[in-house]
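Trainee: Please find run.pdb (PDB, C-alpha atoms) on the next line:
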MODEL        1
ATOM      1  CA  MET T   1      29.859  -4.288 186.841
ATOM      2  CA  SER T   2      27.668  -5.024 183.919
ATOM      3  CA  ALA T   3      28.440  -8.160 182.022
ATOM      4  CA  MET T   4      30.074  -7.829 178.664
ATOM      5  CA  PRO T   5      27.854  -8.735 175.765
ATOM      6  CA  ASP T   6      28.514 -12.259 174.791
ATOM      7  CA  ILE T   7      30.556 -11.998 171.624
ATOM      8  CA  PRO T   8      32.322 -15.138 170.549
ATOM      9  CA  ARG T   9      36.053 -14.826 170.890
ATOM     10  CA  THR T  10      36.707 -15.961 167.379
ATOM     11  CA  SER T  11      35.166 -12.856 165.906
ATOM     12  CA  PHE T  12      38.152 -10.861 167.180
ATOM     13  CA  HIS T  13      41.037 -13.127 166.578
ATOM     14  CA  LEU T  14      41.875 -16.532 165.298
ATOM     15  CA  GLU T  15      41.599 -19.411 167.710
ATOM     16  CA  GLU T  16      44.958 -20.648 166.562
ATOM     17  CA  GLU T  17      47.967 -19.236 164.805
ATOM     18  CA  PRO T  18      47.848 -20.069 161.137
ATOM     19  CA  HIS T  19      50.250 -22.857 160.241
ATOM     20  CA  PRO T  20      51.660 -22.314 156.795
ATOM     21  CA  PRO T  21      53.459 -25.369 155.419
ATOM     22  CA  GLU T  22      57.093 -25.533 156.480
ATOM     23  CA  GLY T  23      59.268 -23.476 154.195
ATOM     24  CA  GLY T  24      56.223 -22.037 152.442
ATOM     25  CA  SER T  25      57.457 -18.484 152.845
ATOM     26  CA  THR T  26      61.184 -19.175 152.485
ATOM     27  CA  MET T  27      61.421 -18.154 148.854
ATOM     28  CA  LEU T  28      59.669 -14.845 149.435
ATOM     29  CA  GLY T  29      61.795 -14.201 152.521
ATOM     30  CA  PHE T  30      64.963 -14.951 150.596
ATOM     31  CA  TRP T  31      63.842 -12.662 147.792
ATOM     32  CA  VAL T  32      63.405  -9.854 150.333
ATOM     33  CA  TYR T  33      66.958 -10.543 151.550
ATOM     34  CA  LEU T  34      68.221 -10.336 147.961
ATOM     35  CA  MET T  35      66.444  -7.029 147.492
ATOM     36  CA  SER T  36      68.098  -5.604 150.625
ATOM     37  CA  ASP T  37      71.438  -6.897 149.320
ATOM     38  CA  CYS T  38      70.628  -5.137 146.072
ATOM     39  CA  LEU T  39      70.350  -1.874 148.027
ATOM     40  CA  ILE T  40      73.821  -2.449 149.510
ATOM     41  CA  PHE T  41      75.160  -2.723 145.976
ATOM     42  CA  ALA T  42      73.149   0.329 144.923
ATOM     43  CA  ILE T  43      74.941   2.367 147.589
ATOM     44  CA  LEU T  44      78.313   0.945 146.551
ATOM     45  CA  PHE T  45      77.565   1.817 142.920
ATOM     46  CA  ALA T  46      76.558   5.325 143.993
ATOM     47  CA  THR T  47      79.810   5.620 145.973
ATOM     48  CA  TYR T  48      81.744   4.509 142.922
ATOM     49  CA  GLY T  49      79.801   7.007 140.821
ATOM     50  CA  VAL T  50      80.858   9.824 143.163
ATOM     51  CA  LEU T  51      84.470   8.781 143.737
ATOM     52  CA  GLY T  52      85.136   7.071 140.388
ATOM     53  CA  GLY T  53      86.680  10.194 138.869
ATOM     54  CA  ASN T  54      88.981  11.057 141.782
ATOM     55  CA  TYR T  55      92.283   9.665 140.569
ATOM     56  CA  ALA T  56      94.434  11.763 142.922
ATOM     57  CA  ALA T  57      96.947  12.109 140.068
ATOM     58  CA  GLY T  58      97.128   8.325 140.050
ATOM     59  CA  PRO T  59      96.163   5.784 137.411
ATOM     60  CA  ALA T  60      92.802   6.028 135.622
ATOM     61  CA  PRO T  61      90.625   3.036 134.661
ATOM     62  CA  SER T  62      92.012   2.911 131.139
ATOM     63  CA  ASP T  63      95.556   2.617 132.550
ATOM     64  CA  LEU T  64      94.657  -0.335 134.742
ATOM     65  CA  PHE T  65      91.869  -2.500 133.437
ATOM     66  CA  GLU T  66      92.472  -5.411 131.101
ATOM     67  CA  LEU T  67      89.213  -6.021 129.287
ATOM     68  CA  GLU T  68      90.331  -9.461 128.112
ATOM     69  CA  LEU T  69      90.440 -10.649 131.702
ATOM     70  CA  VAL T  70      87.090  -9.038 132.453
ATOM     71  CA  ALA T  71      85.588 -10.703 129.385
ATOM     72  CA  ILE T  72      86.831 -14.109 130.570
ATOM     73  CA  ASN T  73      85.448 -13.437 134.051
ATOM     74  CA  THR T  74      82.100 -12.355 132.640
ATOM     75  CA  THR T  75      81.948 -15.516 130.546
ATOM     76  CA  PHE T  76      82.730 -17.652 133.596
ATOM     77  CA  LEU T  77      79.924 -16.086 135.608
ATOM     78  CA  LEU T  78      77.441 -16.255 132.749
ATOM     79  CA  VAL T  79      78.223 -19.906 132.023
ATOM     80  CA  SER T  80      77.994 -20.712 135.737
ATOM     81  CA  SER T  81      74.523 -19.174 135.713
ATOM     82  CA  ILE T  82      73.280 -21.572 133.069
ATOM     83  CA  THR T  83      75.039 -24.588 134.612
ATOM     84  CA  PHE T  84      73.215 -23.771 137.847
ATOM     85  CA  GLY T  85      70.039 -23.656 135.790
ATOM     86  CA  PHE T  86      70.853 -27.167 134.524
ATOM     87  CA  ALA T  87      71.411 -28.276 138.132
ATOM     88  CA  MET T  88      67.948 -26.970 139.033
ATOM     89  CA  LEU T  89      66.390 -28.749 136.052
ATOM     90  CA  SER T  90      68.104 -31.992 137.112
ATOM     91  CA  MET T  91      66.829 -31.447 140.652
ATOM     92  CA  MET T  92      63.278 -31.051 139.390
ATOM     93  CA  GLN T  93      63.623 -34.354 137.559
ATOM     94  CA  ASP T  94      64.921 -36.025 140.747
ATOM     95  CA  ARG T  95      68.255 -36.844 139.157
ATOM     96  CA  LEU T  96      70.651 -36.745 142.066
ATOM     97  CA  ARG T  97      73.872 -37.505 140.227
ATOM     98  CA  SER T  98      73.414 -35.003 137.452
ATOM     99  CA  THR T  99      72.337 -32.349 139.993
ATOM    100  CA  LEU T 100      75.602 -32.861 141.846
ATOM    101  CA  ILE T 101      77.650 -32.827 138.650
ATOM    102  CA  TRP T 102      76.110 -29.563 137.452
ATOM    103  CA  LEU T 103      76.590 -28.043 140.902
ATOM    104  CA  ALA T 104      80.252 -29.049 140.783
ATOM    105  CA  VAL T 105      80.636 -27.464 137.340
ATOM    106  CA  THR T 106      78.989 -24.286 138.640
ATOM    107  CA  GLY T 107      81.323 -24.251 141.632
ATOM    108  CA  ALA T 108      84.348 -24.718 139.376
ATOM    109  CA  PHE T 109      83.355 -21.696 137.287
ATOM    110  CA  GLY T 110      82.767 -19.728 140.486
ATOM    111  CA  ILE T 111      86.254 -20.595 141.711
ATOM    112  CA  GLY T 112      87.684 -19.691 138.304
ATOM    113  CA  PHE T 113      85.975 -16.313 138.536
ATOM    114  CA  LEU T 114      87.392 -15.734 142.013
ATOM    115  CA  GLY T 115      90.858 -16.793 140.898
ATOM    116  CA  ILE T 116      90.941 -14.283 138.046
ATOM    117  CA  GLU T 117      89.545 -11.533 140.246
ATOM    118  CA  LEU T 118      92.100 -12.268 142.944
ATOM    119  CA  TYR T 119      94.865 -12.198 140.327
ATOM    120  CA  GLU T 120      93.598  -8.830 139.102
ATOM    121  CA  PHE T 121      93.482  -7.414 142.630
ATOM    122  CA  LEU T 122      96.946  -8.679 143.518
ATOM    123  CA  HIS T 123      98.321  -7.332 140.240
ATOM    124  CA  LEU T 124      96.800  -3.895 140.934
ATOM    125  CA  ILE T 125      98.179  -3.848 144.481
ATOM    126  CA  HIS T 126     101.553  -5.024 143.182
ATOM    127  CA  ILE T 127     101.857  -2.126 140.710
ATOM    128  CA  GLY T 128     100.935   0.335 143.467
ATOM    129  CA  ALA T 129      97.273   0.776 142.525
ATOM    130  CA  GLY T 130      95.899  -0.587 145.790
ATOM    131  CA  PRO T 131      92.744   0.650 147.513
ATOM    132  CA  GLN T 132      94.637   3.396 149.372
ATOM    133  CA  ARG T 133      96.014   4.953 146.162
ATOM    134  CA  SER T 134      93.018   7.137 145.272
ATOM    135  CA  GLY T 135      89.309   7.609 145.856
ATOM    136  CA  PHE T 136      88.632   5.870 142.565
ATOM    137  CA  LEU T 137      90.589   2.783 143.606
ATOM    138  CA  SER T 138      89.042   2.714 147.108
ATOM    139  CA  ALA T 139      85.571   2.693 145.605
ATOM    140  CA  PHE T 140      86.633   0.168 142.959
ATOM    141  CA  PHE T 141      88.033  -2.319 145.458
ATOM    142  CA  LEU T 142      85.014  -1.825 147.730
ATOM    143  CA  LEU T 143      82.445  -2.450 144.995
ATOM    144  CA  VAL T 144      84.173  -5.259 143.107
ATOM    145  CA  GLY T 145      85.510  -6.776 146.325
ATOM    146  CA  THR T 146      82.043  -6.923 147.888
ATOM    147  CA  HIS T 147      80.745  -8.695 144.810
ATOM    148  CA  GLY T 148      83.690 -11.105 144.933
ATOM    149  CA  LEU T 149      83.024 -11.764 148.613
ATOM    150  CA  HIS T 150      79.437 -12.647 147.745
ATOM    151  CA  VAL T 151      80.640 -15.095 145.105
ATOM    152  CA  PHE T 152      83.088 -16.549 147.651
ATOM    153  CA  PHE T 153      80.327 -17.169 150.167
ATOM    154  CA  GLY T 154      78.148 -18.504 147.375
ATOM    155  CA  VAL T 155      80.824 -21.097 146.585
ATOM    156  CA  ILE T 156      81.056 -22.092 150.274
ATOM    157  CA  TRP T 157      77.270 -22.402 150.380
ATOM    158  CA  LEU T 158      77.335 -24.463 147.187
ATOM    159  CA  VAL T 159      79.906 -26.911 148.555
ATOM    160  CA  THR T 160      77.894 -27.200 151.792
ATOM    161  CA  LEU T 161      74.760 -28.007 149.841
ATOM    162  CA  MET T 162      76.604 -30.565 147.718
ATOM    163  CA  VAL T 163      77.601 -32.346 150.929
ATOM    164  CA  GLN T 164      74.054 -32.156 152.255
ATOM    165  CA  VAL T 165      72.543 -33.418 149.021
ATOM    166  CA  THR T 166      75.061 -36.275 148.974
ATOM    167  CA  GLN T 167      74.154 -37.227 152.526
ATOM    168  CA  ARG T 168      70.387 -36.697 152.556
ATOM    169  CA  GLY T 169      69.433 -36.742 148.906
ATOM    170  CA  LEU T 170      67.045 -34.331 147.226
ATOM    171  CA  ILE T 171      64.671 -33.986 150.171
ATOM    172  CA  GLY T 172      62.260 -31.068 150.441
ATOM    173  CA  ALA T 173      64.526 -29.004 152.675
ATOM    174  CA  ASN T 174      67.482 -29.450 150.337
ATOM    175  CA  ARG T 175      65.375 -28.525 147.321
ATOM    176  CA  ARG T 176      64.386 -25.321 149.063
ATOM    177  CA  ARG T 177      68.005 -24.541 149.922
ATOM    178  CA  LEU T 178      69.118 -25.183 146.362
ATOM    179  CA  MET T 179      66.405 -22.878 145.074
ATOM    180  CA  CYS T 180      67.577 -20.132 147.435
ATOM    181  CA  LEU T 181      71.186 -20.588 146.335
ATOM    182  CA  SER T 182      70.111 -20.547 142.699
ATOM    183  CA  MET T 183      68.404 -17.193 143.222
ATOM    184  CA  PHE T 184      71.501 -15.920 145.052
ATOM    185  CA  TRP T 185      73.761 -17.058 142.224
ATOM    186  CA  HIS T 186      71.646 -15.544 139.450
ATOM    187  CA  PHE T 187      71.350 -12.366 141.495
ATOM    188  CA  LEU T 188      75.149 -12.080 141.685
ATOM    189  CA  ASP T 189      75.278 -12.414 137.929
ATOM    190  CA  VAL T 190      72.815  -9.526 137.615
ATOM    191  CA  ILE T 191      75.036  -7.400 139.878
ATOM    192  CA  TRP T 192      78.038  -8.330 137.742
ATOM    193  CA  ILE T 193      76.265  -6.902 134.677
ATOM    194  CA  GLY T 194      76.257  -3.566 136.504
ATOM    195  CA  VAL T 195      79.911  -3.960 137.485
ATOM    196  CA  PHE T 196      81.306  -4.801 134.071
ATOM    197  CA  THR T 197      79.166  -2.151 132.400
ATOM    198  CA  PHE T 198      79.626   0.801 134.726
ATOM    199  CA  VAL T 199      83.071   0.087 136.148
ATOM    200  CA  TYR T 200      84.982  -1.649 133.374
ATOM    201  CA  LEU T 201      83.379  -0.763 130.038
ATOM    202  CA  LEU T 202      82.445   2.833 130.845
ATOM    203  CA  GLY T 203      85.768   3.209 132.669
ATOM    204  CA  MET T 204      87.652   2.284 129.511
ATOM    205  CA  LEU T 205      85.645   4.854 127.515
ATOM    206  CA  GLN T 206      86.663   7.778 129.716
TER     207      GLN T 206
ATOM    208  CA  MET V   1      59.740 -34.541 127.019
ATOM    209  CA  THR V   2      58.408 -31.418 128.648
ATOM    210  CA  SER V   3      55.108 -32.965 129.671
ATOM    211  CA  ALA V   4      56.855 -36.000 131.111
ATOM    212  CA  HIS V   5      59.069 -33.700 133.064
ATOM    213  CA  ASN V   6      56.089 -31.740 134.328
ATOM    214  CA  ASP V   7      54.324 -34.912 135.434
ATOM    215  CA  LYS V   8      57.345 -36.002 137.317
ATOM    216  CA  HIS V   9      57.619 -32.639 138.941
ATOM    217  CA  ASP V  10      53.963 -32.717 139.980
ATOM    218  CA  HIS V  11      54.546 -36.102 141.472
ATOM    219  CA  ALA V  12      57.596 -34.900 143.340
ATOM    220  CA  THR V  13      55.688 -31.932 144.695
ATOM    221  CA  THR V  14      52.865 -34.037 146.067
ATOM    222  CA  ALA V  15      55.396 -36.418 147.550
ATOM    223  CA  HIS V  16      57.045 -33.605 149.468
ATOM    224  CA  GLU V  17      53.838 -32.304 150.877
ATOM    225  CA  GLY V  18      53.214 -28.642 151.201
ATOM    226  CA  GLU V  19      56.337 -27.378 149.527
ATOM    227  CA  GLY V  20      54.238 -24.596 148.130
ATOM    228  CA  ASP V  21      56.002 -24.968 144.816
ATOM    229  CA  HIS V  22      52.962 -24.694 142.665
ATOM    230  CA  ASP V  23      51.693 -21.228 143.392
ATOM    231  CA  GLY V  24      55.120 -20.203 144.633
ATOM    232  CA  ALA V  25      58.179 -19.181 142.666
ATOM    233  CA  ALA V  26      58.135 -20.277 139.076
ATOM    234  CA  HIS V  27      60.690 -22.743 137.796
ATOM    235  CA  GLY V  28      62.471 -22.565 134.528
ATOM    236  CA  SER V  29      62.448 -24.944 131.625
ATOM    237  CA  LEU V  30      65.416 -26.053 129.574
ATOM    238  CA  ARG V  31      64.240 -23.890 126.711
ATOM    239  CA  GLY V  32      63.865 -20.885 128.990
ATOM    240  CA  TYR V  33      67.395 -21.247 130.349
ATOM    241  CA  LEU V  34      68.867 -21.716 126.872
ATOM    242  CA  THR V  35      66.969 -18.729 125.465
ATOM    243  CA  GLY V  36      68.148 -16.628 128.387
ATOM    244  CA  PHE V  37      71.715 -17.802 127.964
ATOM    245  CA  VAL V  38      71.869 -17.051 124.244
ATOM    246  CA  LEU V  39      70.310 -13.616 124.738
ATOM    247  CA  ALA V  40      72.616 -12.843 127.658
ATOM    248  CA  ALA V  41      75.675 -13.974 125.689
ATOM    249  CA  ILE V  42      74.779 -11.677 122.783
ATOM    250  CA  LEU V  43      73.963  -8.804 125.128
ATOM    251  CA  THR V  44      77.346  -9.267 126.824
ATOM    252  CA  ALA V  45      79.445  -9.799 123.707
ATOM    253  CA  VAL V  46      78.216  -6.721 121.821
ATOM    254  CA  PRO V  47      79.142  -4.143 124.527
ATOM    255  CA  PHE V  48      82.565  -5.745 124.999
ATOM    256  CA  TRP V  49      83.114  -5.656 121.255
ATOM    257  CA  LEU V  50      81.981  -2.024 121.088
ATOM    258  CA  VAL V  51      84.449  -0.979 123.770
ATOM    259  CA  MET V  52      87.373  -3.192 122.774
ATOM    260  CA  GLU V  53      87.250  -2.562 119.016
ATOM    261  CA  ARG V  54      85.651   0.894 119.119
ATOM    262  CA  PRO V  55      83.756   0.720 115.805
ATOM    263  CA  LEU V  56      81.990   3.939 116.847
ATOM    264  CA  ASP V  57      84.083   7.083 117.089
ATOM    265  CA  SER V  58      81.909   8.807 119.636
ATOM    266  CA  ALA V  59      82.617   7.657 123.192
ATOM    267  CA  GLN V  60      79.283   9.071 124.312
ATOM    268  CA  ALA V  61      77.269   7.098 121.772
ATOM    269  CA  THR V  62      79.183   3.939 122.682
ATOM    270  CA  ALA V  63      78.466   4.561 126.376
ATOM    271  CA  PHE V  64      74.746   5.005 125.725
ATOM    272  CA  ILE V  65      74.550   1.775 123.750
ATOM    273  CA  VAL V  66      76.559  -0.125 126.376
ATOM    274  CA  VAL V  67      74.270   1.054 129.190
ATOM    275  CA  GLY V  68      71.222   0.216 127.075
ATOM    276  CA  PHE V  69      72.490  -3.315 126.498
ATOM    277  CA  ALA V  70      73.122  -3.700 130.251
ATOM    278  CA  ALA V  71      69.553  -2.646 131.065
ATOM    279  CA  VAL V  72      68.140  -5.165 128.590
ATOM    280  CA  GLN V  73      70.463  -7.877 129.885
ATOM    281  CA  ILE V  74      69.329  -7.280 133.469
ATOM    282  CA  LEU V  75      65.740  -7.757 132.285
ATOM    283  CA  VAL V  76      66.707 -10.958 130.454
ATOM    284  CA  HIS V  77      68.355 -12.354 133.588
ATOM    285  CA  MET V  78      65.354 -11.365 135.698
ATOM    286  CA  ILE V  79      62.902 -13.124 133.405
ATOM    287  CA  PHE V  80      64.799 -16.223 132.265
ATOM    288  CA  PHE V  81      67.091 -16.954 135.235
ATOM    289  CA  LEU V  82      65.344 -15.465 138.265
ATOM    290  CA  HIS V  83      61.895 -16.322 136.813
ATOM    291  CA  MET V  84      60.388 -13.010 137.815
ATOM    292  CA  ASP V  85      56.794 -12.592 136.887
ATOM    293  CA  PRO V  86      54.145 -10.355 138.418
ATOM    294  CA  ARG V  87      52.163 -13.315 139.741
ATOM    295  CA  SER V  88      54.731 -15.472 141.576
ATOM    296  CA  GLU V  89      54.193 -15.666 145.372
ATOM    297  CA  GLY V  90      50.908 -13.835 144.934
ATOM    298  CA  GLY V  91      52.671 -10.801 143.492
ATOM    299  CA  TRP V  92      54.763 -10.098 146.593
ATOM    300  CA  THR V  93      58.142 -10.721 144.975
ATOM    301  CA  PHE V  94      57.215  -8.279 142.248
ATOM    302  CA  MET V  95      56.091  -5.701 144.811
ATOM    303  CA  ALA V  96      59.383  -6.094 146.679
ATOM    304  CA  LEU V  97      61.241  -5.665 143.400
ATOM    305  CA  ILE V  98      59.372  -2.493 142.477
ATOM    306  CA  PHE V  99      59.950  -1.052 145.950
ATOM    307  CA  THR V 100      63.663  -1.864 145.716
ATOM    308  CA  VAL V 101      63.960  -0.298 142.275
ATOM    309  CA  ILE V 102      62.321   2.896 143.529
ATOM    310  CA  VAL V 103      64.630   3.120 146.564
ATOM    311  CA  LEU V 104      67.592   2.272 144.336
ATOM    312  CA  VAL V 105      66.799   5.005 141.830
ATOM    313  CA  ILE V 106      66.297   7.585 144.605
ATOM    314  CA  ALA V 107      69.514   6.574 146.395
ATOM    315  CA  VAL V 108      71.735   6.433 143.314
ATOM    316  CA  SER V 109      70.405   9.445 141.421
ATOM    317  CA  GLY V 110      70.120  11.472 144.627
ATOM    318  CA  THR V 111      73.684  10.684 145.629
ATOM    319  CA  LEU V 112      75.103  11.547 142.222
ATOM    320  CA  TRP V 113      73.040  14.732 141.976
ATOM    321  CA  VAL V 114      73.871  16.046 145.443
ATOM    322  CA  MET V 115      77.532  15.106 145.323
ATOM    323  CA  TYR V 116      77.998  16.567 141.852
ATOM    324  CA  HIS V 117      76.660  19.918 143.015
ATOM    325  CA  MET V 118      78.644  19.758 146.241
ATOM    326  CA  ASN V 119      81.711  19.223 144.132
ATOM    327  CA  THR V 120      81.086  22.110 141.734
ATOM    328  CA  ASN V 121      80.073  24.504 144.520
ATOM    329  CA  MET V 122      83.103  23.848 146.670
ATOM    330  CA  MET V 123      85.722  26.523 146.415
ATOM    331  CA  PRO V 124      88.577  25.046 144.393
ATOM    332  CA  VAL V 125      91.912  25.128 146.155
ATOM    333  CA  HIS V 126      93.879  26.686 143.316
ATOM    334  CA  GLU V 127      91.537  29.685 143.091
ATOM    335  CA  MET V 128      92.058  30.379 146.779
ATOM    336  CA  ASP V 129      95.782  30.381 146.173
ATOM    337  CA  GLY V 130      95.407  32.870 143.352
ATOM    338  CA  SER V 131      93.634  35.521 145.477
TER     339      SER V 131
ENDMDL
END
Kindly transcribe the structure held in the file into structure tokens.

Mentor:
Amino acid sequence: MSAMPDIPRTSFHLEEEPHPPEGGSTMLGFWVYLMSDCLIFAILFATYGVLGGNYAAGPAPSDLFELELVAINTTFLLVSSITFGFAMLSMMQDRLRSTLIWLAVTGAFGIGFLGIELYEFLHLIHIGAGPQRSGFLSAFFLLVGTHGLHVFFGVIWLVTLMVQVTQRGLIGANRRRLMCLSMFWHFLDVIWIGVFTFVYLLGMLQ
Amino acid sequence: MTSAHNDKHDHATTAHEGEGDHDGAAHGSLRGYLTGFVLAAILTAVPFWLVMERPLDSAQATAFIVVGFAAVQILVHMIFFLHMDPRSEGGWTFMALIFTVIVLVIAVSGTLWVMYHMNTNMMPVHEMDGS
């Protein structure tokens, strides 16, 4: 048994695991999550693209959609995007109260959005245009419903963070969480651009 | 006002040690958010107006313009609200975005292409009845 040549261990591997600062990779990790979520929506959009024309002798988009409602909803989501931006700016200036106020305004717009969407869904189901009516409506409820579900969970997350910020203040961990939620919220607004363009506006043109 | 705000932010970052904010994701400024909001509002209002009032007779032309506005609006949101830039997080967020866009384009265009041809190549029911 000949002795191994004496090579210092460190030339093969690190003595110690690297210790990145806590939360240093959170934003990148959350971005990767958002991108995978984006792929979910891509598949739902593709599904809608395939099934969107299958009315099964039922109602077509132009029979069902009310663009006025969609315009109000779009405004709500767009305004909530900028109010969240104001919350982030307040956070960066260490202004606790105004951060909380802007978060509350954002949440209110989010709830308004959900209320209108829920009203639209219930109205459609009420007039017999529920998800089981045709392939078009199945895909519609799946795509728009998934987006609505994301907004719903976003609102829950927002309320949770408001409680945490109230209790602990704008500590590092809470700042990180707010930044993640802000990305999530803006991301949902980007998805909504696709929804109102491809589902509602193009649907009305058919 | 902006420089004061930056100073304060620097201070906050050093106070919360190692947040990695500086070379990490970029933050917006008030002007950035307002610019983004105004652009987004215009880019939303015009397509809705085009479809609700139908100033153009051709549905196809309207559709093209509407989709074009959506593409620009997505870019506006990416830049002004999500603060995308090729350098944040050492370029990794941008890489992830490019990868996602490629997969997205393949998945969506592939699905539509394949399913469209499946649809046209299927034997229609009424023709079977006729023979």

Trainee: Please identify all polymer residues within 10 Å of stretch 40-42 of chain V, counting all atoms listed in the file, omitting same-chain residues fewer than 2 positions from it, and present them as a list in words.

Mentor: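 In the requested form, the answer reads Thr74, Thr75, Leu78, Val79 and Ile193 of chain T; Leu34, Thr35, Gly36, Phe37, Val38, Thr44, Ala45, Val46, Pro47, Phe69, Ala70, Val72, Gln73, Ile74, Leu75, Val76, His77 and Phe80 of chain V.
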
Trainee: Could you check the closest approach to V:Val67 for each of V:Leu43, V:Met84, V:Leu30, V:Met52 and tell me which residue wins, using all atoms listed in the file?

Mentor: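 Of V:Leu43, V:Met84, V:Leu30, V:Met52, the one nearest V:Val67 is V:Leu43, counting all atoms listed in the file.
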
Trainee: Return as a list in words the set of residues that the PyMOL selection byres ((chain T and resi 172-185) around 8) yields on the displayed structure.

Mentor: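 Checking the PyMOL selection byres ((chain T and resi 172-185) around 8) against this file, the residues are Gly23, Thr26, Met27, Phe30, Trp31, Leu34, Ser81, Phe84, Gly85, Met88, Met91, Val151, Gly154, Trp157, Leu158, Leu161, Gln164, Val165, Gly169, Leu170, Ile171, His186, Phe187, Leu188 and Asp189 of chain T; His16, Glu19 and Leu82 of chain V.
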
Trainee: Please produce a file of the residues just selected, as a short mmCIF file (atom, residue, chain, number, x, y, z; two decimals), in the frame of the given file, where the atoms kept are C-alpha atoms.

Mentor:
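Final output, saved to again_32.cif:
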data_model
loop_
_atom_site.label_atom_id
_atom_site.label_comp_id
_atom_site.auth_asym_id
_atom_site.auth_seq_id
_atom_site.Cartn_x
_atom_site.Cartn_y
_atom_site.Cartn_z
CA GLY T 23 59.27 -23.48 154.20
CA THR T 26 61.18 -19.18 152.49
CA MET T 27 61.42 -18.15 148.85
CA PHE T 30 64.96 -14.95 150.60
CA TRP T 31 63.84 -12.66 147.79
CA LEU T 34 68.22 -10.34 147.96
CA SER T 81 74.52 -19.17 135.71
CA PHE T 84 73.22 -23.77 137.85
CA GLY T 85 70.04 -23.66 135.79
CA MET T 88 67.95 -26.97 139.03
CA MET T 91 66.83 -31.45 140.65
CA VAL T 151 80.64 -15.10 145.10
CA GLY T 154 78.15 -18.50 147.38
CA TRP T 157 77.27 -22.40 150.38
CA LEU T 158 77.33 -24.46 147.19
CA LEU T 161 74.76 -28.01 149.84
CA GLN T 164 74.05 -32.16 152.26
CA VAL T 165 72.54 -33.42 149.02
CA GLY T 169 69.43 -36.74 148.91
CA LEU T 170 67.04 -34.33 147.23
CA ILE T 171 64.67 -33.99 150.17
CA HIS T 186 71.65 -15.54 139.45
CA PHE T 187 71.35 -12.37 141.50
CA LEU T 188 75.15 -12.08 141.68
CA ASP T 189 75.28 -12.41 137.93
CA HIS V 16 57.04 -33.60 149.47
CA GLU V 19 56.34 -27.38 149.53
CA LEU V 82 65.34 -15.46 138.26
#

Trainee: Enter the distance from atom CA of T:Leu51 to atom CA of V:Asp57, in Å, rounded to one decimal.

Mentor: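 These atoms are spaced 26.7 Å apart.
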
Trainee: I'd like to know which of T:Ala104, T:Leu137, T:Ala56, T:Leu89 is closest to chain V, using all atoms listed in the file.

Mentor: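 Under the stated criterion, the closest residue is T:Leu89.
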